[in-house]
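Asks: Pasting run-v2.txt here (compact mmCIF, C-alpha atoms and all ligand atoms):
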```txt
# COMPACT_ATOMS: atom_id res chain seq x y z
CA MET A 166 -87.06 -106.41 184.66
CA ASN A 167 -86.24 -105.41 181.10
CA GLY A 168 -83.86 -107.75 179.25
CA GLU A 169 -83.43 -105.80 176.03
CA PHE A 170 -79.96 -106.43 174.56
CA LEU A 171 -78.72 -104.90 171.31
CA PHE A 172 -75.50 -105.81 169.48
CA ASN A 173 -74.41 -103.07 167.07
CA TYR A 174 -71.50 -103.77 164.71
CA SER A 175 -72.02 -100.89 162.27
CA ASN A 176 -68.78 -99.19 163.32
CA SER A 177 -66.77 -102.21 162.25
CA MET A 178 -68.20 -102.06 158.76
CA ASN A 179 -66.66 -100.10 155.89
CA THR A 180 -68.27 -96.74 155.32
CA GLU A 181 -67.72 -93.72 153.10
CA ILE A 182 -64.98 -92.68 155.56
CA GLY A 183 -62.72 -95.50 154.45
CA ASP A 184 -61.82 -99.13 154.23
CA PHE A 185 -60.97 -99.72 157.90
CA GLY A 186 -63.51 -102.37 158.63
CA ILE A 187 -65.36 -105.23 157.05
CA SER A 188 -67.68 -105.28 154.08
CA ILE A 189 -70.85 -107.30 153.77
CA SER A 190 -69.14 -109.32 151.04
CA ASP A 191 -66.39 -110.18 153.55
CA ILE A 192 -69.10 -111.62 155.78
CA ASP A 193 -70.83 -113.35 152.88
CA ASN A 194 -67.54 -115.11 152.12
CA GLU A 195 -67.59 -116.61 155.64
CA LEU A 196 -71.20 -117.82 155.71
CA GLU A 197 -70.32 -121.44 155.02
CA LYS A 198 -67.64 -121.45 157.71
CA ALA A 199 -70.02 -119.75 160.13
CA THR A 200 -72.66 -122.42 159.63
CA SER A 201 -70.17 -125.23 160.14
CA CYS A 202 -68.96 -123.62 163.39
CA ILE A 203 -72.49 -123.76 164.78
CA GLN A 204 -72.95 -127.32 163.57
CA ASN A 205 -69.61 -128.40 165.09
CA LEU A 206 -70.61 -126.87 168.44
CA ARG A 207 -73.97 -128.65 168.27
CA ASP A 208 -72.05 -131.93 167.88
CA LYS A 209 -69.71 -130.97 170.74
CA GLU A 210 -72.69 -130.23 172.98
CA GLU A 211 -74.27 -133.58 172.14
CA ASN A 212 -70.93 -135.23 173.04
CA GLY A 213 -70.99 -133.52 176.45
CA GLU A 214 -68.07 -131.22 175.65
CA LEU A 215 -69.87 -127.92 176.35
CA GLY A 216 -70.44 -128.08 180.09
CA PHE A 217 -71.08 -124.33 180.23
CA LEU A 218 -74.33 -125.02 178.36
CA ASP A 219 -75.22 -128.18 180.29
CA VAL A 220 -75.26 -126.26 183.60
CA LEU A 221 -78.14 -124.11 182.31
CA LYS A 222 -80.30 -127.22 182.82
CA ASP A 223 -79.35 -127.54 186.51
CA ASN A 224 -82.07 -127.34 189.15
CA LEU A 225 -81.59 -124.04 190.98
CA ASP A 226 -83.46 -125.41 194.02
CA ASN A 227 -80.07 -126.94 194.94
CA TYR A 228 -79.06 -123.48 196.15
CA GLU A 229 -82.19 -122.55 198.09
CA GLU A 230 -81.19 -124.32 201.31
CA LEU A 231 -77.72 -122.72 201.23
CA LYS A 232 -79.27 -119.30 200.56
CA GLU A 233 -81.41 -119.61 203.69
CA TYR A 234 -78.49 -120.94 205.72
CA SER A 235 -76.28 -118.02 204.65
CA LYS A 236 -78.68 -115.58 206.32
CA ASN A 237 -77.10 -116.66 209.63
CA PHE A 238 -73.89 -114.89 208.62
CA GLU A 239 -72.97 -111.24 208.15
CA ASN A 240 -70.00 -111.93 205.90
CA LEU A 241 -69.20 -114.07 202.90
CA LEU A 242 -65.53 -114.84 202.33
CA ILE A 243 -64.72 -116.02 198.81
CA ILE A 244 -61.41 -117.89 198.52
CA GLY A 245 -60.72 -118.61 194.85
CA ILE A 246 -58.74 -117.34 191.87
CA GLY A 247 -59.19 -116.99 188.09
CA GLY A 248 -62.39 -118.59 186.93
CA SER A 249 -63.17 -119.48 190.54
CA ASN A 250 -63.41 -115.81 191.42
CA LEU A 251 -63.81 -113.45 188.45
CA GLY A 252 -67.33 -114.45 187.46
CA LEU A 253 -68.68 -113.89 190.95
CA ARG A 254 -66.85 -110.57 191.28
CA ALA A 255 -68.28 -109.43 187.94
CA SER A 256 -71.78 -110.47 189.03
CA GLU A 257 -71.62 -108.83 192.45
CA SER A 258 -70.33 -105.61 190.93
CA ALA A 259 -72.87 -105.65 188.11
CA ILE A 260 -75.94 -106.49 190.16
CA LEU A 261 -75.23 -105.26 193.67
CA GLY A 262 -72.52 -102.82 192.79
CA SER A 263 -70.10 -101.63 195.41
CA LEU A 264 -72.01 -98.40 194.95
CA THR A 265 -75.37 -99.51 196.30
CA SER A 266 -76.30 -99.83 199.96
CA ARG A 267 -75.92 -103.41 201.03
CA TYR A 268 -77.05 -103.13 204.62
CA ASP A 269 -79.52 -105.96 204.10
CA LYS A 270 -77.02 -108.20 202.40
CA PRO A 271 -73.86 -109.96 203.58
CA LYS A 272 -70.61 -108.14 202.89
CA ILE A 273 -68.48 -110.08 200.41
CA HIS A 274 -64.70 -110.31 200.80
CA TYR A 275 -62.41 -111.86 198.18
CA MET A 276 -59.14 -113.67 198.84
CA ASP A 277 -57.90 -114.07 195.25
CA ASN A 278 -54.15 -113.72 195.62
CA SER A 279 -51.24 -115.04 197.69
CA ASP A 280 -50.33 -111.56 198.93
CA PRO A 281 -49.97 -111.81 202.72
CA GLU A 282 -50.87 -108.14 203.20
CA LYS A 283 -54.22 -108.56 201.43
CA THR A 284 -55.10 -111.75 203.30
CA ASN A 285 -54.09 -110.19 206.61
CA TYR A 286 -56.11 -107.04 205.90
CA ILE A 287 -59.24 -109.08 205.25
CA LEU A 288 -58.74 -111.28 208.30
CA LYS A 289 -58.38 -108.21 210.50
CA LYS A 290 -61.85 -107.12 209.38
CA LEU A 291 -63.58 -110.49 209.71
CA ASP A 292 -65.33 -112.12 212.63
CA LEU A 293 -64.79 -115.65 211.36
CA GLU A 294 -67.60 -117.06 213.50
CA ASN A 295 -69.95 -114.74 211.61
CA THR A 296 -68.50 -115.56 208.19
CA LEU A 297 -69.56 -118.15 205.64
CA VAL A 298 -66.34 -119.20 203.90
CA PHE A 299 -66.53 -120.33 200.26
CA VAL A 300 -63.39 -122.18 199.18
CA ILE A 301 -63.66 -122.56 195.42
CA SER A 302 -61.27 -124.53 193.25
CA LYS A 303 -62.31 -126.90 190.48
CA SER A 304 -58.93 -128.70 190.49
CA GLY A 305 -58.76 -128.56 194.29
CA ASN A 306 -55.00 -128.02 194.05
CA THR A 307 -54.54 -124.31 193.26
CA ILE A 308 -51.78 -123.11 195.58
CA GLU A 309 -53.10 -119.56 196.14
CA THR A 310 -56.54 -120.87 197.09
CA LEU A 311 -55.23 -123.63 199.35
CA ALA A 312 -52.73 -121.29 201.02
CA ASN A 313 -55.43 -118.76 201.87
CA PHE A 314 -57.84 -121.47 202.97
CA PHE A 315 -55.32 -123.17 205.25
CA VAL A 316 -54.56 -119.82 206.93
CA VAL A 317 -58.29 -119.18 207.48
CA ARG A 318 -58.96 -122.78 208.53
CA ASN A 319 -56.14 -122.66 211.08
CA LEU A 320 -57.50 -119.45 212.62
CA MET A 321 -61.00 -120.95 212.77
CA LYS A 322 -59.69 -124.11 214.43
CA LYS A 323 -58.13 -122.02 217.19
CA LYS A 324 -61.50 -120.52 218.05
CA ASN A 325 -63.88 -122.59 220.09
CA PHE A 326 -66.80 -123.08 217.69
CA ASN A 327 -68.05 -125.67 215.22
CA TRP A 328 -66.07 -124.08 212.38
CA THR A 329 -66.60 -126.80 209.73
CA LYS A 330 -70.22 -125.61 209.46
CA ASN A 331 -68.95 -122.23 208.25
CA ILE A 332 -67.35 -123.72 205.16
CA VAL A 333 -68.79 -124.25 201.68
CA SER A 334 -66.45 -126.14 199.39
CA ILE A 335 -66.95 -125.94 195.61
CA THR A 336 -64.57 -128.36 194.00
CA HIS A 337 -64.25 -131.38 191.75
CA ASP A 338 -60.99 -132.97 192.70
CA GLY A 339 -57.56 -132.75 194.36
CA GLU A 340 -56.52 -131.95 197.92
CA LEU A 341 -59.57 -129.78 198.56
CA LYS A 342 -61.95 -132.59 197.60
CA LYS A 343 -60.19 -134.98 200.00
CA LEU A 344 -60.29 -132.44 202.84
CA THR A 345 -63.96 -131.69 202.07
CA GLU A 346 -64.84 -135.37 202.45
CA LYS A 347 -62.67 -135.79 205.54
CA GLU A 348 -64.03 -132.75 207.38
CA LYS A 349 -67.55 -132.93 205.90
CA TYR A 350 -67.92 -129.38 204.57
CA ILE A 351 -71.02 -128.31 202.67
CA HIS A 352 -70.02 -129.32 199.14
CA PHE A 353 -71.00 -128.49 195.56
CA ASP A 354 -69.34 -130.29 192.68
CA VAL A 355 -67.90 -128.51 189.63
CA PRO A 356 -68.69 -130.70 186.62
CA LYS A 357 -65.51 -131.98 184.94
CA ASN A 358 -66.59 -130.60 181.54
CA VAL A 359 -66.99 -127.03 182.83
CA GLY A 360 -63.77 -125.07 182.49
CA GLY A 361 -62.97 -122.49 185.19
CA ARG A 362 -63.35 -119.45 182.95
CA PHE A 363 -66.68 -120.89 181.68
CA SER A 364 -68.02 -121.70 185.16
CA VAL A 365 -69.80 -118.50 186.25
CA LEU A 366 -73.25 -120.05 185.62
CA SER A 367 -72.32 -123.29 187.39
CA SER A 368 -72.15 -123.87 191.17
CA VAL A 369 -68.89 -121.84 191.14
CA GLY A 370 -70.88 -118.66 190.59
CA LEU A 371 -74.46 -119.56 191.48
CA ALA A 372 -73.87 -120.93 194.99
CA PRO A 373 -72.22 -117.77 196.36
CA MET A 374 -74.45 -115.53 194.24
CA ALA A 375 -77.57 -117.10 195.82
CA CYS A 376 -76.14 -116.22 199.25
CA ALA A 377 -75.38 -112.69 198.08
CA GLN A 378 -79.09 -112.35 197.26
CA ILE A 379 -78.47 -112.16 193.49
CA ASN A 380 -81.49 -113.47 191.53
CA ILE A 381 -79.84 -116.54 189.96
CA LYS A 382 -83.12 -117.58 188.28
CA LYS A 383 -83.24 -114.32 186.28
CA LEU A 384 -79.49 -114.61 185.55
CA THR A 385 -79.84 -118.09 184.08
CA ASP A 386 -83.11 -117.13 182.33
CA GLY A 387 -81.17 -114.39 180.53
CA ALA A 388 -78.44 -116.85 179.62
CA LYS A 389 -81.01 -119.32 178.23
CA LEU A 390 -82.59 -116.60 176.05
CA MET A 391 -79.15 -115.71 174.69
CA GLU A 392 -78.31 -119.39 174.19
CA LYS A 393 -81.19 -119.66 171.71
CA SER A 394 -79.90 -116.67 169.68
CA CYS A 395 -76.30 -117.89 169.78
CA LYS A 396 -77.18 -121.28 168.33
CA LEU A 397 -78.74 -119.78 165.18
CA GLU A 398 -76.83 -120.55 161.96
CA ASN A 399 -77.84 -117.18 160.50
CA ILE A 400 -74.91 -114.89 161.32
CA PHE A 401 -77.11 -111.81 160.92
CA LYS A 402 -79.30 -113.02 163.80
CA ASN A 403 -76.59 -114.50 166.01
CA PRO A 404 -74.59 -111.88 168.02
CA ALA A 405 -71.92 -114.33 169.20
CA LEU A 406 -71.38 -115.70 165.68
CA MET A 407 -71.21 -112.22 164.14
CA ASN A 408 -68.87 -110.88 166.83
CA SER A 409 -66.65 -113.95 166.54
CA PHE A 410 -66.20 -113.37 162.82
CA ILE A 411 -65.74 -109.63 163.21
CA HIS A 412 -62.96 -110.19 165.74
CA TYR A 413 -61.47 -112.96 163.53
CA MET A 414 -61.49 -110.83 160.39
CA MET A 415 -60.16 -107.84 162.31
CA TYR A 416 -57.38 -110.01 163.80
CA ASN A 417 -56.41 -110.96 160.24
CA ARG A 418 -56.31 -107.25 159.48
CA GLY A 419 -53.78 -106.68 162.29
CA LYS A 420 -56.09 -105.93 165.20
CA LYS A 421 -54.17 -107.91 167.80
CA VAL A 422 -55.74 -106.11 170.78
CA SER A 423 -59.35 -106.33 171.98
CA VAL A 424 -60.32 -103.45 174.27
CA MET A 425 -63.35 -104.03 176.50
CA MET A 426 -64.71 -100.62 177.50
CA PRO A 427 -67.94 -100.56 179.50
CA TYR A 428 -69.49 -97.11 179.98
CA ILE A 429 -70.93 -98.11 183.35
CA GLU A 430 -68.85 -98.67 186.49
CA ARG A 431 -70.84 -101.75 187.48
CA LEU A 432 -69.33 -103.60 184.47
CA ARG A 433 -65.71 -102.70 185.25
CA SER A 434 -65.15 -106.18 186.77
CA PHE A 435 -66.90 -107.82 183.80
CA GLY A 436 -63.85 -106.69 181.81
CA MET A 437 -61.60 -108.78 184.05
CA TRP A 438 -63.83 -111.84 183.55
CA TYR A 439 -63.80 -111.28 179.76
CA GLY A 440 -60.03 -110.87 179.90
CA GLN A 441 -59.47 -114.36 181.29
CA LEU A 442 -62.06 -115.93 178.99
CA TRP A 443 -60.61 -114.38 175.81
CA ALA A 444 -56.91 -114.64 176.69
CA GLU A 445 -56.83 -118.10 178.24
CA SER A 446 -59.15 -119.69 175.66
CA LEU A 447 -57.55 -118.36 172.47
CA GLY A 448 -53.96 -117.47 173.46
CA LYS A 449 -52.40 -120.58 171.95
CA ASN A 450 -49.99 -121.71 169.21
CA GLY A 451 -48.71 -118.17 168.68
CA PHE A 452 -52.22 -116.83 168.19
CA GLY A 453 -54.25 -114.60 170.45
CA GLN A 454 -55.91 -111.24 170.66
CA THR A 455 -54.77 -109.44 173.83
CA PRO A 456 -57.73 -108.31 175.97
CA VAL A 457 -57.40 -104.88 177.56
CA THR A 458 -59.80 -103.81 180.31
CA ALA A 459 -60.81 -100.17 180.24
CA VAL A 460 -63.82 -98.29 181.60
CA GLY A 461 -65.52 -95.24 180.17
CA ALA A 462 -65.43 -92.35 180.67
CA THR A 463 -62.43 -92.75 183.03
CA SER A 464 -60.08 -94.49 180.56
CA GLN A 465 -60.53 -91.63 178.08
CA HIS A 466 -58.20 -89.74 180.37
CA SER A 467 -55.50 -92.41 180.39
CA GLN A 468 -55.76 -94.73 177.37
CA LEU A 469 -57.71 -93.02 174.61
CA GLN A 470 -54.70 -91.21 173.12
CA LEU A 471 -53.20 -94.63 172.35
CA TYR A 472 -56.46 -96.10 171.03
CA VAL A 473 -57.06 -93.14 168.68
CA ASP A 474 -53.56 -92.18 167.58
CA GLY A 475 -51.42 -95.20 168.40
CA PRO A 476 -50.90 -98.35 166.35
CA LYS A 477 -53.99 -99.39 164.40
CA ASP A 478 -53.93 -102.78 166.14
CA LYS A 479 -57.12 -102.53 168.22
CA ILE A 480 -60.81 -103.30 168.06
CA VAL A 481 -62.83 -101.67 170.84
CA THR A 482 -66.04 -103.04 172.41
CA PHE A 483 -68.36 -100.61 174.17
CA LEU A 484 -70.90 -101.80 176.72
CA SER A 485 -73.57 -99.25 177.58
CA VAL A 486 -76.99 -98.94 179.26
CA LYS A 487 -79.97 -96.81 178.34
CA LYS A 488 -80.98 -96.46 181.98
CA PHE A 489 -78.79 -96.08 185.08
CA LYS A 490 -80.12 -97.04 188.52
CA CYS A 491 -80.15 -93.36 189.43
CA ASP A 492 -79.32 -89.98 187.92
CA LEU A 493 -78.07 -86.63 189.17
CA GLU A 494 -78.74 -83.12 187.82
CA ILE A 495 -75.80 -80.72 187.69
CA GLU A 496 -76.81 -77.51 189.39
CA TYR A 497 -74.38 -74.60 189.34
CA GLU A 498 -75.04 -70.93 190.01
CA TYR A 499 -72.40 -69.61 187.59
CA GLU A 500 -72.13 -70.04 183.85
CA SER A 501 -70.81 -73.44 182.68
CA ALA A 502 -71.06 -75.50 179.53
CA PHE A 503 -72.76 -78.43 181.22
CA LYS A 504 -74.89 -76.92 184.00
CA GLY A 505 -78.43 -78.21 184.04
CA TYR A 506 -77.51 -81.49 182.37
CA LYS A 507 -77.78 -84.89 184.01
CA MET A 508 -74.75 -87.09 184.75
CA SER A 509 -76.19 -89.78 182.46
CA GLU A 510 -76.28 -87.26 179.61
CA ILE A 511 -72.63 -86.47 180.21
CA ILE A 512 -71.37 -90.06 180.21
CA ASN A 513 -73.49 -90.91 177.18
CA SER A 514 -72.19 -87.89 175.28
CA GLU A 515 -68.65 -89.03 176.09
CA LEU A 516 -69.40 -92.49 174.71
CA VAL A 517 -70.67 -90.86 171.49
CA GLY A 518 -67.53 -88.73 171.35
CA THR A 519 -65.18 -91.67 171.88
CA GLU A 520 -67.01 -93.96 169.47
CA ASN A 521 -67.04 -91.37 166.68
CA SER A 522 -63.50 -90.18 167.26
CA LEU A 523 -62.30 -93.78 166.92
CA LYS A 524 -64.41 -94.19 163.80
CA PHE A 525 -62.96 -91.00 162.30
CA HIS A 526 -59.47 -92.39 162.99
CA ASN A 527 -60.33 -95.73 161.38
CA VAL A 528 -60.42 -97.75 164.60
CA PRO A 529 -63.16 -100.40 164.43
CA THR A 530 -65.61 -100.69 167.32
CA VAL A 531 -68.66 -102.76 168.23
CA LYS A 532 -71.23 -101.91 170.88
CA ILE A 533 -73.63 -103.76 173.15
CA VAL A 534 -76.50 -101.62 174.44
CA LEU A 535 -78.52 -102.90 177.40
CA ASP A 536 -81.81 -101.27 178.28
CA GLU A 537 -80.65 -101.65 181.88
CA LEU A 538 -78.01 -103.73 183.67
CA ASN A 539 -79.80 -106.44 185.64
CA GLU A 540 -79.60 -110.21 186.13
CA ILE A 541 -81.28 -110.94 182.80
CA THR A 542 -78.98 -108.76 180.72
CA LEU A 543 -75.91 -109.86 182.70
CA GLY A 544 -76.82 -113.50 182.03
CA LYS A 545 -77.12 -112.64 178.34
CA LEU A 546 -73.68 -110.98 178.39
CA PHE A 547 -72.01 -113.96 180.08
CA LEU A 548 -73.56 -116.49 177.70
CA MET A 549 -72.90 -114.43 174.57
CA TYR A 550 -69.19 -114.20 175.36
CA GLU A 551 -68.94 -117.86 176.37
CA MET A 552 -70.50 -118.83 173.04
CA GLN A 553 -68.39 -116.26 171.15
CA THR A 554 -65.27 -117.81 172.69
CA ALA A 555 -66.35 -121.36 171.85
CA ILE A 556 -67.20 -120.30 168.27
CA SER A 557 -63.84 -118.53 167.96
CA GLY A 558 -62.10 -121.74 168.97
CA GLU A 559 -63.87 -123.42 166.04
CA ILE A 560 -62.89 -120.62 163.65
CA TYR A 561 -59.19 -120.77 164.58
CA GLY A 562 -59.08 -124.52 165.02
CA ILE A 563 -57.99 -124.01 168.65
CA ASN A 564 -59.13 -125.97 171.72
CA ALA A 565 -60.75 -123.10 173.63
CA PHE A 566 -61.24 -125.19 176.77
CA ASP A 567 -57.76 -126.04 178.03
CA GLN A 568 -54.80 -123.96 179.28
CA PRO A 569 -51.70 -126.15 179.05
CA ALA A 570 -49.21 -123.25 179.04
CA VAL A 571 -50.10 -122.10 182.58
CA GLU A 572 -48.83 -125.39 184.04
CA HIS A 573 -45.20 -124.67 183.10
CA GLY A 574 -44.93 -121.60 185.37
CA LYS A 575 -46.59 -123.47 188.23
CA LYS A 576 -43.99 -126.24 187.95
CA ILE A 577 -41.09 -123.77 188.10
CA ALA A 578 -42.71 -121.97 191.05
CA HIS A 579 -43.15 -125.23 192.93
CA GLU A 580 -39.52 -126.23 192.38
CA PHE A 581 -38.35 -122.75 193.43
CA LEU A 582 -40.51 -122.86 196.55
CA THR A 583 -39.42 -126.31 197.67
CA LYS A 584 -35.72 -126.14 196.68
CA ASN A 585 -34.81 -122.53 197.44
CA ARG A 586 -36.46 -121.95 200.80
CA SER A 587 -33.16 -121.39 202.65
CA ARG A 588 -31.82 -119.04 199.96
CA GLY A 589 -34.35 -116.23 200.54
CA MET A 590 -35.56 -114.39 197.46
CA SER A 591 -32.50 -114.73 195.20
CA ASN A 592 -33.79 -115.86 191.85
CA GLU A 593 -31.50 -118.29 190.07
CA LEU A 594 -33.26 -117.82 186.75
CA HIS A 595 -31.98 -114.24 186.29
CA SER A 596 -28.36 -113.46 185.35
CA LYS A 597 -26.60 -111.35 187.97
CA ASN A 598 -24.87 -109.36 185.18
CA HIS A 599 -28.00 -107.46 184.21
CA VAL A 600 -29.06 -106.01 187.53
CA ILE A 601 -29.26 -102.30 188.36
CA LEU A 602 -29.40 -101.73 192.08
CA SER A 603 -30.14 -98.23 193.40
CA LYS A 604 -29.48 -97.63 197.11
O1 LIG B 701 -60.62 -123.48 189.96
P1 LIG B 701 -59.16 -123.84 190.08
O2 LIG B 701 -58.89 -125.26 189.73
O3 LIG B 701 -58.60 -123.44 191.41
O4 LIG B 701 -58.37 -122.99 188.98
C1 LIG B 701 -58.34 -121.59 189.08
C2 LIG B 701 -57.67 -121.01 187.81
O5 LIG B 701 -56.31 -121.39 187.77
C3 LIG B 701 -55.86 -122.21 186.70
O6 LIG B 701 -54.45 -122.15 186.74
C4 LIG B 701 -56.33 -121.79 185.32
O7 LIG B 701 -55.41 -120.91 184.71
C5 LIG B 701 -57.66 -121.06 185.34
O8 LIG B 701 -58.36 -121.41 184.15
C6 LIG B 701 -58.47 -121.41 186.57
O9 LIG B 701 -59.69 -120.69 186.56
```
Is it possible to give me this structure as structure tokens?
Replies:
Amino acid sequence: MNGEFLFNYSNSMNTEIGDFGISISDIDNELEKATSCIQNLRDKEENGELGFLDVLKDNLDNYEELKEYSKNFENLLIIGIGGSNLGLRASESAILGSLTSRYDKPKIHYMDNSDPEKTNYILKKLDLENTLVFVISKSGNTIETLANFFVVRNLMKKKNFNWTKNIVSITHDGELKKLTEKEKYIHFDVPKNVGGRFSVLSSVGLAPMACAQINIKKLTDGAKLMEKSCKLENIFKNPALMNSFIHYMMYNRGKKVSVMMPYIERLRSFGMWYGQLWAESLGKNGFGQTPVTAVGATSQHSQLQLYVDGPKDKIVTFLSVKKFKCDLEIEYEYESAFKGYKMSEIINSELVGTENSLKFHNVPTVKIVLDELNEITLGKLFLMYEMQTAISGEIYGINAFDQPAVEHGKKIAHEFLTKNRSRGMSNELHSKNHVILSK
């Protein structure tokens, strides 16, 4: 399994085309700050504040028994939201891919929203007796997760089987922790110092991944290799440090949008995971670079016009692989510009076209090139971006590990739910004077 991982930032640097990027002297001016960021994080780690690094020391044997147990089930049902869902989704898509045959592996279903249609659709497909249910919530109080779990739990209770043995609870606290202890579910703790969006390499991701037959040893091995690089004080040898400063300097040059654009379908969900990590960690005190999830080549046909010729407020990240899991030759009996080529040659040529068109139009880009997408390189990707986010918090003087602003909306929702039940869906917070109703 090849773990080669290359970070290329040349298309964010000034060239003869023009001053749209960063010069080496710009980077030289930040060397002192860069070093202190790494030193500050070293202190934070020693103080137990970087749980996402501590979990790399965990004993993976903890998951072996569960992995064997899960082979008794045909389905895995993942009930969780945000950081309790996105990392696993990104991993399943990247490693197993919805595109590969999974006849020898359990089918994974995700309940990650409070949409009754989605929950109902999944339940209609599931034989709950043959399903291992993961209910994942670090706080143990997330309403969407509890709502879905209570619906599933109630259906299981109505069937005549020992349903509590079908449940794996991954939580640290709250109502779910109490219920877990009361009903004696299989339980994994989420360490208090591991934030949800940083928890993919903790039990939150690794327990269900082990059951999905993802090689969690290789995944964490990749993360540990990247950890070593991302702790180097030399910015020219540390991809997370360099990319943190590139995004920081670009933000100060008006690039308020960070587009994540993998040129491989299996990393489409990675973009969603990155989106939470980048937005929720750094979107504070009026600051924040908006993450946009795209996928090449598809998004060229929907978003590229804006990236190339719209406001110069973006920095684009490409993720690409040298080798796909398979390839297809285009055979065609009539004349055509691309007959005889392989699909991989087409998508790679489109990446070259997009990258150079953006460069020509003074839009900065960076690129990560993986030899192949596997557990080692995925682990490297996760860890690089976790470290990049932590470093960026140091650069901006922001606490990258909390999310106080999300609590306000939850409080309003709870009041609305409990006080307005009899009033149907009328929403008191909107003025009735600005409503356009079309019959
Ligand atoms: O894991 P949980 O406690 O259920 O939290 C799930 C998600 O919801 C919270 O509101 C936070 O915004 C996220 O950072 C977190 O990942």
Asks: Would you mind telling me which residue in A:Tyr234, A:Asn306, A:Ile351, A:Asp567 lies nearest to A:Gly339 when using only C-alpha atoms?
Replies: A:Asn306
Asks: Could you jot down the atom CA of A:Lys420 to atom CA of A:Thr519 separation for me, Å, one decimal place?
Replies: 18.2 Å
Asks: With a distance cut-off of 8 Å and all atoms listed in the file, select the neighbouring residues of stretch 272-280 of chain A, excluding the residue or stretch itself and same-chain residues fewer than 4 positions from it, and output the selection as a PyMOL selection string.
Replies: chain A and resi 239-247+250+267+284+287+309-310+312-313+377
Asks: At what distance in Å, to one decimal, does atom CA of A:Glu510 lie from atom CA of A:Ser522?
Replies: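 Interatomic distance here is 18.0 Å.
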Asks: Would you write out, as JSON lines, a table of all residues in chain A that have an atom no more than 6 Å from an atom of ligand LIG 701 (chain B), listing for each the closest atom pair and the distance in Å to one decimal, considering all atoms listed in the file and ordering rows by chain and rising residue number?
Replies:
```
{"residue": "A:Ile246", "atom": "CA", "partner": "B:LIG701", "partner_atom": "C1", "distance": 5.1}
{"residue": "A:Gly247", "atom": "CA", "partner": "B:LIG701", "partner_atom": "O9", "distance": 4.0}
{"residue": "A:Gly248", "atom": "CA", "partner": "B:LIG701", "partner_atom": "O9", "distance": 3.4}
{"residue": "A:Ser249", "atom": "CA", "partner": "B:LIG701", "partner_atom": "O1", "distance": 4.8}
{"residue": "A:Ser302", "atom": "CA", "partner": "B:LIG701", "partner_atom": "O3", "distance": 3.4}
{"residue": "A:Lys303", "atom": "CA", "partner": "B:LIG701", "partner_atom": "O1", "distance": 3.9}
{"residue": "A:Ser304", "atom": "CA", "partner": "B:LIG701", "partner_atom": "O2", "distance": 3.5}
{"residue": "A:Gly305", "atom": "CA", "partner": "B:LIG701", "partner_atom": "O2", "distance": 5.6}
{"residue": "A:Thr307", "atom": "CA", "partner": "B:LIG701", "partner_atom": "O3", "distance": 4.5}
{"residue": "A:Gly361", "atom": "CA", "partner": "B:LIG701", "partner_atom": "O9", "distance": 4.0}
{"residue": "A:Arg362", "atom": "CA", "partner": "B:LIG701", "partner_atom": "O9", "distance": 5.3}
{"residue": "A:Val571", "atom": "CA", "partner": "B:LIG701", "partner_atom": "O7", "distance": 5.8}
```
